[in-house]
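Visitor: For reference, the file target33.cif (mmCIF, C-alpha atoms) is included below:
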```
data_input
loop_
_atom_site.label_atom_id
_atom_site.label_comp_id
_atom_site.auth_asym_id
_atom_site.auth_seq_id
_atom_site.Cartn_x
_atom_site.Cartn_y
_atom_site.Cartn_z
CA MET A 8 2.11 53.33 44.61
CA ALA A 9 -1.47 54.29 43.71
CA LYS A 10 -0.05 56.28 40.82
CA ILE A 11 1.87 53.28 39.51
CA ILE A 12 -1.25 51.11 39.67
CA LEU A 13 -3.22 53.82 37.89
CA HIS A 14 -0.56 54.03 35.17
CA PHE A 15 -0.60 50.28 34.80
CA ILE A 16 -4.39 50.23 34.45
CA VAL A 17 -4.23 52.98 31.82
CA LEU A 18 -1.53 51.06 29.93
CA ALA A 19 -3.55 47.83 30.08
CA VAL A 20 -6.73 49.62 28.96
CA LEU A 21 -4.76 51.21 26.13
CA PHE A 22 -3.41 47.84 25.03
CA PHE A 23 -6.65 45.89 25.23
CA GLY A 24 -8.63 48.86 23.85
CA THR A 25 -6.37 48.99 20.80
CA TRP A 26 -6.71 45.24 20.34
CA LEU A 27 -10.50 45.44 20.70
CA LEU A 28 -10.72 48.38 18.31
CA LEU A 29 -8.51 46.74 15.67
CA GLY A 30 -10.39 43.47 16.23
CA SER A 31 -13.63 45.07 15.07
CA ILE A 32 -12.29 45.16 11.49
CA ASP A 33 -13.11 42.10 9.37
CA TYR A 34 -9.65 41.49 7.88
CA LEU A 35 -10.53 38.02 6.61
CA LYS A 36 -13.37 39.41 4.51
CA TYR A 37 -11.25 42.33 3.34
CA PHE A 38 -8.42 40.08 2.17
CA ARG A 39 -10.94 37.48 0.82
CA VAL A 40 -9.19 34.82 2.91
CA GLU A 41 -12.24 32.57 3.22
CA GLU A 42 -13.17 32.94 -0.45
CA LEU A 43 -9.64 32.16 -1.63
CA THR A 44 -9.37 29.20 0.75
CA LYS A 45 -12.64 27.74 -0.56
CA GLU A 46 -11.50 28.24 -4.14
CA ALA A 47 -8.17 26.55 -3.42
CA GLU A 48 -9.87 23.65 -1.63
CA HIS A 49 -12.24 23.18 -4.56
CA ASN A 50 -9.35 23.09 -7.05
CA LEU A 51 -7.45 20.63 -4.88
CA GLN A 52 -10.48 18.38 -4.52
CA GLU A 53 -10.97 18.26 -8.31
CA LEU A 54 -7.30 17.46 -8.85
CA ILE A 55 -7.18 14.67 -6.25
CA LEU A 56 -10.52 13.20 -7.32
CA ASN A 57 -9.31 13.08 -10.93
CA GLU A 58 -6.22 11.20 -9.82
CA LEU A 59 -8.24 8.71 -7.79
CA GLN A 60 -10.74 8.20 -10.61
CA LYS A 61 -7.88 7.04 -12.84
CA GLY A 62 -7.73 3.92 -10.65
CA GLY A 63 -11.46 3.30 -10.93
CA GLY A 64 -14.42 5.33 -12.15
CA GLU A 65 -17.61 6.19 -10.31
CA LEU A 66 -20.00 3.30 -9.65
CA ASP A 67 -22.76 3.26 -12.25
CA SER A 68 -25.66 2.38 -9.97
CA ASP A 69 -28.21 4.91 -8.79
CA THR A 70 -29.67 2.30 -6.43
CA VAL A 71 -26.47 1.80 -4.47
CA TYR A 72 -25.58 5.49 -4.66
CA SER A 73 -29.01 6.47 -3.25
CA PHE A 74 -28.66 3.91 -0.48
CA VAL A 75 -25.17 4.99 0.62
CA ASN A 76 -26.13 8.64 0.21
CA GLY A 77 -29.16 7.88 2.40
CA ILE A 78 -26.83 6.69 5.17
CA LYS A 79 -24.82 9.91 4.84
CA LYS A 80 -28.04 11.94 4.89
CA ARG A 81 -29.29 10.18 8.02
CA LEU A 82 -26.03 10.86 9.84
CA CYS A 83 -25.91 14.49 8.70
CA THR A 84 -29.56 15.31 9.41
CA ALA A 85 -29.42 13.83 12.91
CA ASN A 86 -26.31 15.88 13.69
CA GLY A 87 -27.33 19.25 12.31
CA ILE A 88 -25.01 19.05 9.29
CA GLU A 89 -26.28 20.30 5.92
CA ASP A 90 -26.41 17.03 3.98
CA SER A 91 -25.96 18.68 0.59
CA SER A 92 -22.73 20.31 1.82
CA ILE A 93 -20.98 16.91 1.65
CA THR A 94 -20.68 15.29 -1.78
CA LEU A 95 -20.45 11.53 -1.96
CA HIS A 96 -18.53 9.58 -4.61
CA ILE A 97 -18.50 5.79 -4.89
CA LEU A 98 -15.45 4.60 -6.83
CA VAL A 99 -15.15 1.11 -8.28
CA ARG A 100 -11.99 -0.15 -6.61
CA ASN A 101 -11.17 -3.34 -4.78
CA GLU A 102 -9.29 -1.69 -1.94
CA VAL A 103 -11.18 -1.53 1.36
CA ASN A 104 -11.01 2.22 1.77
CA ALA A 105 -12.93 5.45 2.34
CA ILE A 106 -11.38 8.89 2.03
CA ALA A 107 -12.33 12.44 2.99
CA LEU A 108 -11.20 15.01 0.42
CA PRO A 109 -10.88 18.80 0.63
CA ASP A 110 -14.00 20.89 -0.11
CA ARG A 111 -16.24 18.41 1.80
CA HIS A 112 -16.09 15.53 -0.66
CA LEU A 113 -16.30 11.97 0.58
CA ILE A 114 -15.15 8.90 -1.32
CA VAL A 115 -16.20 5.33 -0.56
CA TYR A 116 -14.60 2.50 -2.53
CA THR A 117 -16.82 -0.39 -3.61
CA GLY A 118 -14.27 -2.61 -1.83
CA MET A 119 -15.38 -1.07 1.46
CA ILE A 120 -19.08 -1.62 0.71
CA ARG A 121 -18.39 -5.25 -0.16
CA TYR A 122 -16.34 -5.72 2.99
CA CYS A 123 -18.88 -4.35 5.48
CA LYS A 124 -21.16 -7.00 6.94
CA SER A 125 -23.99 -4.56 7.60
CA PRO A 126 -25.03 -1.05 6.57
CA GLU A 127 -24.36 -0.05 10.19
CA GLU A 128 -20.68 -0.94 9.74
CA LEU A 129 -20.57 1.16 6.59
CA SER A 130 -22.28 4.01 8.42
CA GLY A 131 -19.49 3.86 11.03
CA VAL A 132 -16.86 4.30 8.34
CA ILE A 133 -18.83 7.14 6.71
CA ALA A 134 -19.40 8.82 10.09
CA HIS A 135 -15.64 8.64 10.78
CA GLU A 136 -14.84 10.35 7.47
CA ILE A 137 -17.55 12.97 8.08
CA GLY A 138 -15.82 13.53 11.43
CA HIS A 139 -12.58 14.35 9.58
CA ILE A 140 -14.49 16.72 7.30
CA GLU A 141 -16.32 18.48 10.14
CA HIS A 142 -13.11 18.99 12.14
CA GLY A 143 -11.29 20.37 9.08
CA HIS A 144 -8.64 17.65 9.38
CA ILE A 145 -8.00 17.27 5.64
CA MET A 146 -6.62 20.72 4.94
CA LYS A 147 -4.80 20.69 8.29
CA ARG A 148 -3.02 17.52 7.28
CA LEU A 149 -2.27 18.67 3.75
CA ARG A 150 -0.86 21.96 5.04
CA LYS A 151 1.34 20.02 7.44
CA GLU A 152 2.52 17.27 5.12
CA VAL A 153 2.41 18.81 1.67
CA GLY A 154 3.27 22.35 2.76
CA LEU A 155 1.51 25.62 2.14
CA SER A 156 3.55 26.65 -0.89
CA MET A 157 3.01 23.31 -2.64
CA LEU A 158 -0.72 23.43 -1.85
CA ALA A 159 -0.93 26.92 -3.29
CA ALA A 160 0.83 25.70 -6.45
CA LEU A 161 -1.55 22.72 -6.68
CA ALA A 162 -4.63 24.85 -6.10
CA GLY A 163 -3.44 27.39 -8.64
CA GLY A 164 -2.79 24.68 -11.24
CA GLU A 165 0.96 25.38 -11.30
CA ALA A 166 2.11 22.02 -9.94
CA ASN A 167 2.68 19.04 -12.19
CA GLY A 168 0.77 15.75 -12.28
CA GLU A 169 3.35 13.93 -10.19
CA ILE A 170 2.71 16.21 -7.21
CA ALA A 171 -1.06 15.79 -7.63
CA ARG A 172 -0.57 12.00 -7.68
CA GLU A 173 1.57 12.16 -4.55
CA THR A 174 -1.06 14.26 -2.77
CA ALA A 175 -3.81 11.81 -3.78
CA ARG A 176 -1.63 8.93 -2.57
CA LEU A 177 -1.00 10.70 0.71
CA LEU A 178 -4.71 11.13 1.37
CA SER A 179 -5.63 7.60 0.39
CA SER A 180 -2.79 5.58 1.87
CA THR A 181 -1.31 7.29 4.89
CA ALA A 182 -2.65 8.05 8.31
CA PHE A 183 -3.87 11.15 10.02
CA ASP A 184 -2.04 11.54 13.29
CA ARG A 185 -3.40 9.74 16.32
CA LYS A 186 -5.07 12.79 17.83
CA LEU A 187 -7.03 13.54 14.64
CA GLU A 188 -8.05 9.89 14.28
CA SER A 189 -9.32 9.84 17.87
CA GLU A 190 -11.28 13.02 17.24
CA ALA A 191 -12.89 11.51 14.14
CA ASP A 192 -13.67 8.29 16.04
CA ALA A 193 -15.33 10.20 18.87
CA SER A 194 -17.37 12.20 16.34
CA ALA A 195 -18.38 8.98 14.57
CA VAL A 196 -19.65 7.40 17.80
CA HIS A 197 -21.61 10.53 18.68
CA MET A 198 -23.03 10.95 15.17
CA MET A 199 -24.09 7.32 14.94
CA ALA A 200 -25.79 7.40 18.34
CA LYS A 201 -27.67 10.58 17.44
CA ALA A 202 -28.78 8.98 14.18
CA GLY A 203 -30.07 5.91 16.06
CA ILE A 204 -27.30 3.57 14.87
CA ASP A 205 -25.45 1.34 17.31
CA PRO A 206 -21.77 2.49 17.36
CA GLU A 207 -20.72 -1.07 18.18
CA ALA A 208 -20.89 -1.78 14.43
CA PHE A 209 -18.11 0.77 13.95
CA ALA A 210 -15.92 -0.98 16.53
CA ASP A 211 -16.73 -4.31 14.83
CA VAL A 212 -15.54 -3.21 11.40
CA ILE A 213 -12.34 -1.74 12.80
CA PHE A 214 -11.66 -4.87 14.83
CA ARG A 215 -12.30 -7.18 11.88
CA LEU A 216 -10.16 -5.11 9.56
CA SER A 217 -7.29 -5.11 12.04
CA GLN A 218 -7.55 -8.90 12.36
CA GLU A 219 -7.57 -9.53 8.64
CA LYS A 220 -5.16 -6.93 7.38
CA ASN A 221 -2.17 -9.15 8.07
CA ASP A 222 -3.48 -11.77 5.64
CA VAL A 223 -4.12 -9.53 2.64
CA PRO A 224 -2.55 -6.21 3.61
CA LYS A 225 -2.63 -4.76 0.11
CA HIS A 226 -6.42 -4.43 0.01
CA PHE A 227 -6.97 -3.14 3.52
CA GLU A 228 -5.82 0.39 3.00
CA TRP A 229 -8.34 1.95 5.39
CA ILE A 230 -7.18 0.06 8.47
CA ASN A 231 -3.51 0.24 7.45
CA THR A 232 -3.87 3.98 7.61
CA HIS A 233 -5.60 3.85 10.99
CA PRO A 234 -3.14 2.48 13.55
CA ASN A 235 -3.64 1.10 17.08
CA SER A 236 -6.89 -0.65 16.24
CA HIS A 237 -7.27 -2.45 19.55
CA ASP A 238 -7.00 0.77 21.53
CA ARG A 239 -9.38 2.44 19.14
CA CYS A 240 -12.00 -0.30 19.50
CA ALA A 241 -11.79 -0.09 23.27
CA GLU A 242 -12.19 3.68 23.17
CA ILE A 243 -15.12 3.46 20.75
CA LEU A 244 -16.89 0.98 23.04
CA ARG A 245 -16.19 3.18 26.05
CA LEU A 246 -17.66 6.22 24.26
CA ARG A 247 -20.63 4.11 23.16
CA ARG A 248 -21.51 3.45 26.80
CA GLU A 249 -21.75 7.19 27.37
CA GLU A 250 -24.28 7.68 24.58
CA ALA A 251 -28.03 7.20 24.91
CA TYR A 252 -29.72 6.06 21.71
CA ILE A 253 -32.54 3.97 20.30
CA ASN A 254 -31.24 1.60 17.67
CA ARG A 255 -33.11 1.83 14.36
CA PRO A 256 -31.79 -0.53 11.64
CA ILE A 257 -30.75 1.07 8.35
CA ALA A 258 -31.85 -1.83 6.12
CA ASP A 259 -32.68 -5.50 6.55
CA SER A 260 -30.06 -8.12 5.74
CA ALA A 261 -31.73 -9.16 2.45
CA ALA A 262 -31.69 -5.59 1.11
CA TRP A 263 -28.06 -5.17 2.21
CA ALA A 264 -27.12 -8.42 0.47
CA ASN A 265 -28.73 -7.12 -2.71
CA TYR A 266 -26.80 -3.86 -2.59
CA LYS A 267 -23.59 -5.82 -2.19
CA LYS A 268 -24.51 -7.97 -5.17
CA ILE A 269 -24.98 -4.86 -7.30
CA VAL A 270 -21.58 -3.64 -6.20
CA ARG A 271 -20.08 -6.99 -7.22
CA GLY A 272 -21.71 -6.62 -10.62
CA ILE A 273 -24.24 -9.41 -10.10
CA PRO A 274 -27.69 -8.66 -11.66
CA VAL A 275 -30.33 -8.19 -8.96
CA SER A 276 -34.07 -7.70 -9.18
CA LEU A 277 -35.03 -5.25 -6.44
CA LYS A 278 -38.57 -5.18 -5.09
CA MET B 169 6.20 54.24 25.77
CA PRO B 170 4.30 57.45 26.44
CA LEU B 171 6.51 59.94 28.16
CA GLN B 172 5.41 61.06 31.55
CA SER B 173 3.95 64.49 32.20
CA SER B 174 5.71 67.08 34.16
CA ARG B 175 4.32 67.42 37.64
CA SER B 176 6.82 67.19 40.44
CA THR B 177 7.43 63.89 42.21
CA GLY B 178 10.80 64.55 43.73
CA PHE B 179 12.69 64.31 40.49
CA GLY B 180 12.85 67.94 39.75
CA ILE B 181 11.14 70.29 37.36
CA LEU B 182 9.99 70.26 33.77
CA ARG B 183 12.47 71.86 31.45
CA LYS B 184 10.99 74.96 29.99
CA GLY B 185 10.53 75.09 26.22
CA CYS B 186 10.99 71.38 25.78
CA SER B 187 8.35 69.80 23.52
CA VAL B 188 8.63 66.44 25.28
CA PRO B 189 8.44 66.62 29.06
CA LEU B 190 11.77 65.89 30.70
CA ARG B 191 12.84 65.92 34.29
CA GLU B 192 16.08 66.70 35.93
CA PHE B 193 17.89 64.06 37.89
CA SER B 194 18.82 64.59 41.57
CA TYR B 195 22.40 65.31 40.43
CA THR B 196 24.13 66.10 37.17
CA PRO B 197 25.50 62.85 35.71
CA ASP B 198 29.02 62.93 34.25
CA GLU B 199 30.02 61.91 30.72
CA TYR B 200 30.76 58.31 31.70
CA GLU B 201 27.35 57.85 33.34
CA THR B 202 25.35 59.32 30.46
CA GLU B 203 27.19 57.04 28.04
CA LYS B 204 26.42 53.95 30.13
CA ALA B 205 22.78 54.96 30.66
CA SER B 206 22.38 55.59 26.95
CA ASN B 207 23.93 52.19 26.22
CA SER B 208 21.28 50.48 28.32
CA TYR B 209 18.69 51.66 25.79
CA LEU B 210 20.92 50.92 22.83
CA MET B 211 21.46 47.41 24.14
CA SER B 212 17.76 46.68 23.77
CA LEU B 213 17.83 48.10 20.25
CA VAL B 214 20.89 46.14 19.13
CA VAL B 215 19.22 42.83 19.86
CA ILE B 216 15.83 43.83 18.51
CA MET B 217 16.36 41.97 15.24
CA VAL B 218 16.96 38.77 17.18
CA GLY B 219 14.48 39.69 19.86
CA LEU B 220 11.48 40.14 17.57
CA PRO B 221 11.14 36.47 16.72
CA LEU B 222 12.43 35.42 20.14
CA PRO B 223 11.26 38.05 22.64
CA ILE B 224 13.21 36.54 25.56
CA VAL B 225 16.52 37.59 23.93
CA ASN B 226 15.75 41.27 24.52
CA VAL B 227 15.06 40.68 28.19
CA ILE B 228 18.19 38.56 28.64
CA ALA B 229 20.34 41.26 26.98
CA SER B 230 18.80 43.98 29.16
CA ALA B 231 19.15 41.81 32.27
CA ILE B 232 22.86 41.15 31.56
CA PHE B 233 23.45 44.84 31.07
CA PHE B 234 21.49 45.59 34.24
CA LEU B 235 23.46 43.07 36.30
CA SER B 236 26.81 44.26 34.98
CA ASN B 237 25.91 47.81 36.02
CA ARG B 238 24.25 47.16 39.35
CA LYS B 239 27.17 48.79 41.18
CA SER B 240 27.33 51.76 38.86
CA ALA B 241 26.18 55.28 39.62
CA ARG B 242 22.49 55.81 40.35
CA PHE B 243 21.82 57.51 37.01
CA VAL B 244 23.10 54.42 35.16
CA ARG B 245 21.24 51.96 37.41
CA TRP B 246 18.06 53.99 37.13
CA HIS B 247 17.99 53.86 33.33
CA CYS B 248 19.10 50.22 33.19
CA THR B 249 16.17 49.38 35.46
CA GLN B 250 13.70 51.38 33.37
CA THR B 251 14.87 49.54 30.22
CA LEU B 252 14.64 46.17 31.94
CA LEU B 253 11.12 46.86 33.22
CA ALA B 254 9.96 47.97 29.78
CA GLN B 255 11.44 44.80 28.24
CA GLY B 256 9.80 42.76 30.98
CA PHE B 257 6.44 44.28 30.04
CA THR B 258 6.77 43.60 26.32
CA LEU B 259 8.06 40.04 26.87
CA PRO B 260 4.70 38.38 27.71
CA VAL B 261 2.92 40.50 25.10
CA ASN B 262 5.34 39.48 22.34
CA ALA B 263 5.64 35.89 23.60
CA ALA B 264 1.84 35.52 23.38
CA GLY B 265 2.00 36.76 19.78
CA LEU B 266 4.80 34.29 19.01
CA TYR B 267 2.92 31.40 20.64
CA TRP B 268 -0.25 32.29 18.70
CA THR B 269 1.70 32.49 15.42
CA LEU B 270 3.38 29.12 16.04
CA GLY B 271 -0.05 27.66 16.76
CA ILE B 272 -1.17 28.84 13.33
CA ILE B 273 1.98 27.59 11.59
CA PHE B 274 1.61 24.17 13.21
CA ASP B 275 -2.14 24.17 12.59
CA ARG B 276 -3.36 24.11 16.14
CA THR B 277 -5.48 27.14 15.37
CA ALA B 278 -6.59 29.16 12.35
CA VAL B 279 -5.93 32.76 11.33
CA SER B 280 -8.70 34.94 12.73
CA ASN B 281 -9.59 38.63 12.88
CA ASN B 282 -8.60 38.58 16.55
CA TYR B 283 -5.16 37.23 15.69
CA ILE B 284 -4.53 39.87 13.01
CA ALA B 285 -5.75 42.58 15.41
CA TYR B 286 -3.42 41.28 18.15
CA ILE B 287 -0.40 41.23 15.83
CA LEU B 288 -1.17 44.77 14.66
CA THR B 289 -1.52 45.88 18.31
CA ILE B 290 1.84 44.44 19.33
CA ILE B 291 3.49 45.87 16.22
CA LEU B 292 2.09 49.27 17.21
CA PHE B 293 3.24 48.95 20.83
CA ASN B 294 6.68 47.67 19.80
CA LEU B 295 7.00 50.55 17.36
CA VAL B 296 6.15 53.06 20.09
CA GLU B 297 8.67 51.36 22.39
CA PHE B 298 11.27 51.36 19.62
CA ILE B 299 10.87 55.10 19.00
CA ALA B 300 10.78 55.84 22.73
CA THR B 301 13.94 53.79 23.21
CA ILE B 302 15.84 55.64 20.47
CA TYR B 303 14.66 58.95 21.90
CA ALA B 304 15.65 57.92 25.43
CA ALA B 305 19.08 56.72 24.24
CA VAL B 306 19.78 60.05 22.55
CA GLN B 307 18.49 62.16 25.43
CA THR B 308 20.23 60.25 28.22
CA ARG B 309 23.48 60.52 26.26
CA LYS B 310 22.99 64.29 26.50
CA GLY B 311 22.52 63.91 30.24
CA LYS B 312 18.76 64.45 30.14
CA HIS B 313 16.56 62.38 32.36
CA ILE B 314 13.76 60.57 30.54
CA VAL B 315 10.91 59.23 32.64
CA TRP B 316 8.56 56.85 30.87
CA TRP B 317 4.91 56.47 31.69
CA PHE B 318 4.39 53.73 34.33
CA PHE B 319 7.98 52.40 34.11
CA GLY B 320 9.46 55.65 35.37
CA PRO B 321 7.55 55.81 38.69
CA LEU B 322 8.00 52.05 39.08
CA THR B 323 11.76 52.42 38.56
CA GLU B 324 11.78 55.23 41.11
CA THR B 325 10.35 52.93 43.76
CA LEU B 326 12.96 50.28 42.97
CA VAL B 327 16.08 52.45 42.65
CA LYS B 328 16.09 54.36 45.91
CA THR B 329 19.72 55.25 46.35
#
```
Will you turn the file into structure tokens for me?

Guide:
Amino acid sequence: MAKIILHFIVLAVLFFGTWLLLGSIDYLKYFRVEELTKEAEHNLQELILNELQKGGGELDSDTVYSFVNGIKKRLCTANGIEDSSITLHILVRNEVNAIALPDRHLIVYTGMIRYCKSPEELSGVIAHEIGHIEHGHIMKRLRKEVGLSMLAALAGGEANGEIARETARLLSSTAFDRKLESEADASAVHMMAKAGIDPEAFADVIFRLSQEKNDVPKHFEWINTHPNSHDRCAEILRLRREEAYINRPIADSAAWANYKKIVRGIPVSLK
Amino acid sequence: MPLQSSRSTGFGILRKGCSVPLREFSYTPDEYETEKASNSYLMSLVVIMVGLPLPIVNVIASAIFFLSNRKSARFVRWHCTQTLLAQGFTLPVNAAGLYWTLGIIFDRTAVSNNYIAYILTIILFNLVEFIATIYAAVQTRKGKHIVWWFFGPLTETLVKT
């Protein structure tokens, strides 16, 4: 019996030793997997952004851009994320929507800025999208729903415009699955708390959107793509209770009102 | 599977001049027995194409062959058992590889150096088992007794009479 045990140990050592030995080789670097993935993600991002920009160009206001980018920076800095690694775009569109794109690009529609009652609410939406980016949800979802071969064709520039449009539509108007949404929500609550922003504002915007979407569903893309709003609000408030934070306002209500005016195209004299 | 070395453990002696260590069985099996014993190895090879993506198929095939021969001569039972044990060992190893691969396909996890190393390891082990199985099938057909490393002694404790 001792001999059998000894043989088994030798066999196990041989197996795990081989695995360990082969594991010391950096295959991903050798096959340039990471490099190629980044390149493909970058190409995809450009393609999808181009499609989305056809529906509305970038907002021509450095003031608003700096302000929204400041919110993103505050969230990133407080959570150990390199702020410059996430690129913000503000597109002039009426839909209440925000979208995370491949290659760490984040899109906020002016419709969303106009809809939010406070910069804290907007920060909740941005934190949620950063959550998707940080968890790598975008490529996961595209791989699942568009398929690897189609993605490769898109990234390599071999697919036609119709497929690019479909992919852009998928990202902007359909949901991540429930698990991914919950993950992004939990990240948003944590990020907001660490940045000294009350996560309740995030629950507020979700709740309000879910209440109003039935009236004008066409414009409330963001909540249409994020189902089970009541459950989500309850979960966000539960997670909020677990966080310790000191609330520091992002901007006063007068400044926020001015930013919203700029977004609406109303001339504003800023102090 | 590595073939076992030659020291005596009640099975007999190492055949002189043989490059791979072989042992003699306690009796000389007849034609019918060597054919059946050889088939037990072939059975695991026949289903290997199906068994690679679904490792359980190999074990089921070997188990069916084992059960259908449980009242056969000792030589046949002995080799059926050795095949079944070897399949039983590779099942969890291959199943883990399959589970890991499905996780990557369905995006639960990403391709990593560890994953590639694991797949290469199981390919290597399956290849060794494949070659050992072909060798054992040929040799048992000739009436030679092949004792695999670990599985041989384990089989010996299970197939007493």

Visitor: Contacts from chain A to chain B, 6 Å maximum, all atoms listed in the file: show me the residue list as a PDB file with C-alpha atoms, in the coordinates of the input.

Guide:
```pdb
ATOM      1  CA  ILE A  11       1.870  53.280  39.510  1.00  0.00           C
ATOM      2  CA  HIS A  14      -0.560  54.030  35.170  1.00  0.00           C
ATOM      3  CA  TRP A  26      -6.710  45.240  20.340  1.00  0.00           C
ATOM      4  CA  LEU A  29      -8.510  46.740  15.670  1.00  0.00           C
ATOM      5  CA  GLY A  30     -10.390  43.470  16.230  1.00  0.00           C
ATOM      6  CA  TYR A  34      -9.650  41.490   7.880  1.00  0.00           C
TER       7      TYR A  34
END
```

Visitor: Counting only C-alpha atoms, which of A:Asp238, A:Glu249, A:Asp110, A:Glu190 gets nearest to His49 (chain A)?

Guide: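 Checking each candidate against His49 (chain A), we get A:Asp110 as the closest.
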
Visitor: Evaluate the PyMOL selection byres ((chain B and resi 255-258) around 8) here and jot the selected residues down as a PDB file with C-alpha atoms, in the coordinates of the input.

Guide:
```
ATOM      1  CA  SER B 212      17.760  46.680  23.770  1.00  0.00           C
ATOM      2  CA  ASN B 226      15.750  41.270  24.520  1.00  0.00           C
ATOM      3  CA  VAL B 227      15.060  40.680  28.190  1.00  0.00           C
ATOM      4  CA  SER B 230      18.800  43.980  29.160  1.00  0.00           C
ATOM      5  CA  THR B 251      14.870  49.540  30.220  1.00  0.00           C
ATOM      6  CA  LEU B 252      14.640  46.170  31.940  1.00  0.00           C
ATOM      7  CA  LEU B 253      11.120  46.860  33.220  1.00  0.00           C
ATOM      8  CA  ALA B 254       9.960  47.970  29.780  1.00  0.00           C
ATOM      9  CA  LEU B 259       8.060  40.040  26.870  1.00  0.00           C
ATOM     10  CA  PRO B 260       4.700  38.380  27.710  1.00  0.00           C
ATOM     11  CA  VAL B 261       2.920  40.500  25.100  1.00  0.00           C
ATOM     12  CA  ASN B 262       5.340  39.480  22.340  1.00  0.00           C
ATOM     13  CA  ASN B 294       6.680  47.670  19.800  1.00  0.00           C
TER      14      ASN B 294
END
```

Visitor: If we count all atoms listed in the file, what is near Lys310 (chain B) at a cut-off of 10 Å, once residues fewer than 3 positions away on the same chain are taken out, given as a list in words?

Guide: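 So the residues in contact are Pro197, Asp198, Glu199, Thr202, Glu203, Ser206, Ala304, Ala305, Val306, Gln307 and His313 of chain B.
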
Visitor: Applying 9 Å and only C-alpha atoms, which residues near Ile204 (chain A) remain after dropping the ones on its own chain fewer than 3 positions away? List them as a PyMOL selection string.

Guide: chain A and resi 82+127+130-131+198-201+207-208+252-257

Visitor: Please indicate the distance in Å from CA of Glu324 (chain B) to CA of Phe22 (chain A), rounded to one decimal place.

Guide: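 Separating CA of Glu324 (chain B) from CA of Phe22 (chain A) is a distance of 23.3 Å.
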
Visitor: Which residues are near Ala205 (chain B)? Cut-off 8 Å, only C-alpha atoms, ignore same chain within fewer than 5 positions. Put them as number ranges by chain.

Guide: B: 243-245, 247-248, 305, 308-309

Visitor: Applying 9 Å and only C-alpha atoms, which residues near Met119 (chain A) remain after dropping the ones on its own chain fewer than 6 positions away? List them as a PyMOL selection string.

Guide: chain A and resi 100-105+129+132+227+229

Visitor: Between A:Ala251, A:Leu187, A:Leu244, A:Leu177, which is the closest to Ile55 (chain A) once you count only C-alpha atoms?

Guide: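 Checking each of A:Ala251, A:Leu187, A:Leu244, A:Leu177 against Ile55 (chain A), counting only C-alpha atoms, the winner is A:Leu177.
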